[in-house]
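J.: Let me give you the structure first, and then I'll get to my questions.
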Amino acid sequence: MKPITRFFAAAAIFCAAAIANAQDYPAKPIRFIVPLTPGSGADILGRIVAKYMSDAFRQPVLVENRPGAGGIIGTQAMLNADADGYTLMVQSASHAANPAIYKTLPYDPLKDIVDVALLGVTPYVMIAAKGGAYPTLKSLIEAARAKPGEIPFASAGVGTSTHMAAEYVAQVAGIKMLHIPYKGSPEAIQDTIAGRTSFYMAPLDVAIGHLKDGKITPFGVSTAQRSAIVPEIPTLAEQGLKNYSLALWFGMWARAGTPPAVVQKLNAQVTAIGQSKEARAQLDKLGIAPGSLKPEEFAKFVREQMGTFRTIAREANIQPQ
């Protein structure tokens with residue numbers, strides 16, 4: 001057999017094997033690595049998706065929290081696994097913010113990672129302590145102007161999307177504030193409720209229970225339109241932060257080299273979950289709109305978001321770590 005003939009024969013065998021593997025996928029349990037703390041938005045949504053994916057695939061889908069370093073620790077854990085689609089990462093928009101925060105990452109977010117699916121989108125809610133020092137957004141902005149760089153705000157960690165969303169608030173308002181990073185959303189919310197920080201850009205799905213209990217004061221939602229689940233809360237733009245519009249989103253990623261057919265199968269299943277009546281009802285209660293982007297569309301979206309976060313970081317004069 002001639003060399004070129006052998007090459008095409010080998011390629012055909014490889015493609016056939018890849019298709020067969022995709023058809024058999026999954027043949028064992030799948031692991032979701034969530035590089036954020038339990039109770040975070042990505043954790044909540046990841047567990048919902050895991051439940052329905054497990055039912056559809058008839059295989060266990062396990063969720064493992066690996067928080068730390070703005071999601072880098074969990075991302076590396078995913079990259080240390082085989083590129084076979086059995087170890088996936090479920091993360092928030094923080095994945096797209098990290099390149100703007102860190103001088104160097106221990107991985108290339110464009111070459112080492114495959115964008116699998118957009119899981120959902122939800123607003124941030126700018127929250128403050130009930131009966132705290134800042135009863136309104138206007139009072140907070142006035143105080144921050146009087147004491148530039150002194151009044152603290154919370155985030156779920158350096159470089160997280162909640163950090164970027166808060167820096168964007170400061171930019172639009174023309175103020176300087178003191179960033180206090182926490183381990184995750186639950187800790188940031190608790191200290192905000194206690195009045196130890198002035199505000200937190202909380203994911204709606206994480207804050208919804210506290211809002212219903214009346215434990216926090218909501219200044220506004222981050223999106224251009226009010227949320228259907230909390231329509232009584234105005235947008236930040238309505239509250240004076242003109243043109244402020246930023247949404248929190250969650251995605252699924254795999255290690256580069258994962259068979260494209262497996263990526264397509266996972267993407268199709270995520271879309272099916274978002275369209276199912278039962279899952280949609282759960283997501284609606286949390287204020288999450290399900291995603292429905294194909295892998296190539298999601299990849300384009302992620303790159304656009306990386307550009308947005310770079311702009312926010314540059315304007316906030318955040319020095320890469």
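Chain identifiers are assigned as A, B, and so on, following the order in which chains appear in the structure tokens; residues are numbered from 1 within each chain, and ligands are numbered from 1 in order of appearance.
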Set the distance at 9 Å and use only C-alpha atoms: which residues neighbour Tyr200 of chain A once local chain neighbours fewer than 6 positions away are removed? I'd like the list as a PyMOL selection string.
T.: chain A and resi 125-128+153-156+162-163+166+185+188-189+192
J.: Please list as a PyMOL selection string every residue within 8 Å of Gly149 of chain A, counting only C-alpha atoms and excluding residues in the same chain fewer than 5 positions away.
T.: chain A and resi 144+176-178
J.: Give me, please, the distance in Å between atom CA of Val61 of chain A and atom CA of Tyr182 of chain A, quoted to one decimal.
T.: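 Answer for the atom CA of Val61 of chain A to atom CA of Tyr182 of chain A separation: 28.3 Å.
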J.: List every residue of segment 17-77 of chain A that DSSP, applied to the backbone of this structure, assigns to strand (DSSP E or B), and report them as a list in words.
T.: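 Of segment 17-77 of chain A, only Ile30, Arg31, Phe32, Ile33, Val34, Val61, Leu62, Val63, Glu64 and Asn65 of chain A fall in strand (DSSP E or B).
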J.: Pull C-alpha atoms from the residues just selected and write them as a CSV table (one decimal), in the first residue's frame.
T.:
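After the write, out_27.csv holds the following:
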```
chain,number,residue,atom,x,y,z
A,30,ILE,CA,-19.3,11.8,34.2
A,31,ARG,CA,-17.7,14.3,36.6
A,32,PHE,CA,-18.6,18.1,36.7
A,33,ILE,CA,-15.8,20.1,38.3
A,34,VAL,CA,-17.2,23.4,39.7
A,61,VAL,CA,-23.1,12.7,36.8
A,62,LEU,CA,-21.1,13.7,39.9
A,63,VAL,CA,-20.4,17.3,41.0
A,64,GLU,CA,-17.1,18.2,42.6
A,65,ASN,CA,-16.3,21.6,44.0
```
J.: So which one's closest to Ala143 of chain A, A:Asp115, A:Ala173, A:Met164, A:Ile208? Using only C-alpha atoms, please.
T.: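 That would be A:Ala173, the residue with the smallest distance to Ala143 of chain A.
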J.: Applying 12 Å and only C-alpha atoms, which residues near segment 117-119 of chain A remain after dropping the ones on its own chain fewer than 4 positions away? List them as a PyMOL selection string.
T.: chain A and resi 41-50+88-93+248-254+262-275+279-280+283+288-302
J.: Near Ala133 of chain A, within 9 Å and counting only C-alpha atoms, which residues show up once chain neighbours fewer than 6 positions away are dropped, as a ChimeraX atom specification?
T.: /A:139-140,195,198
J.: Show which residues sit within 10 Å of Gln239 of chain A, as a list in words. Count only C-alpha atoms, and ignore same-chain residues fewer than 4 positions away.
T.: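 So the residues in contact are Thr136, Leu137, Lys138, Phe219, Gly220, Val221, Pro234, Thr235 and Tyr244 of chain A.
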J.: Got a sec: who's within 9 Å of Asn98 of chain A, counting only C-alpha atoms, leaving out chain neighbours fewer than 6 positions off, as a PyMOL selection string?
T.: chain A and resi 70-72+105+158-161+306+309
J.: Distance atom CA of Ala281 of chain A-atom CA of Gly39 of chain A, one decimal place?
T.: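 Value for the atom CA of Ala281 of chain A-atom CA of Gly39 of chain A distance: 19.4 Å.
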J.: So how many Å separate atom CA of Tyr52 of chain A and atom CA of Asp284 of chain A, to one decimal?
T.: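 Going from atom CA of Tyr52 of chain A over to atom CA of Asp284 of chain A covers 15.6 Å.
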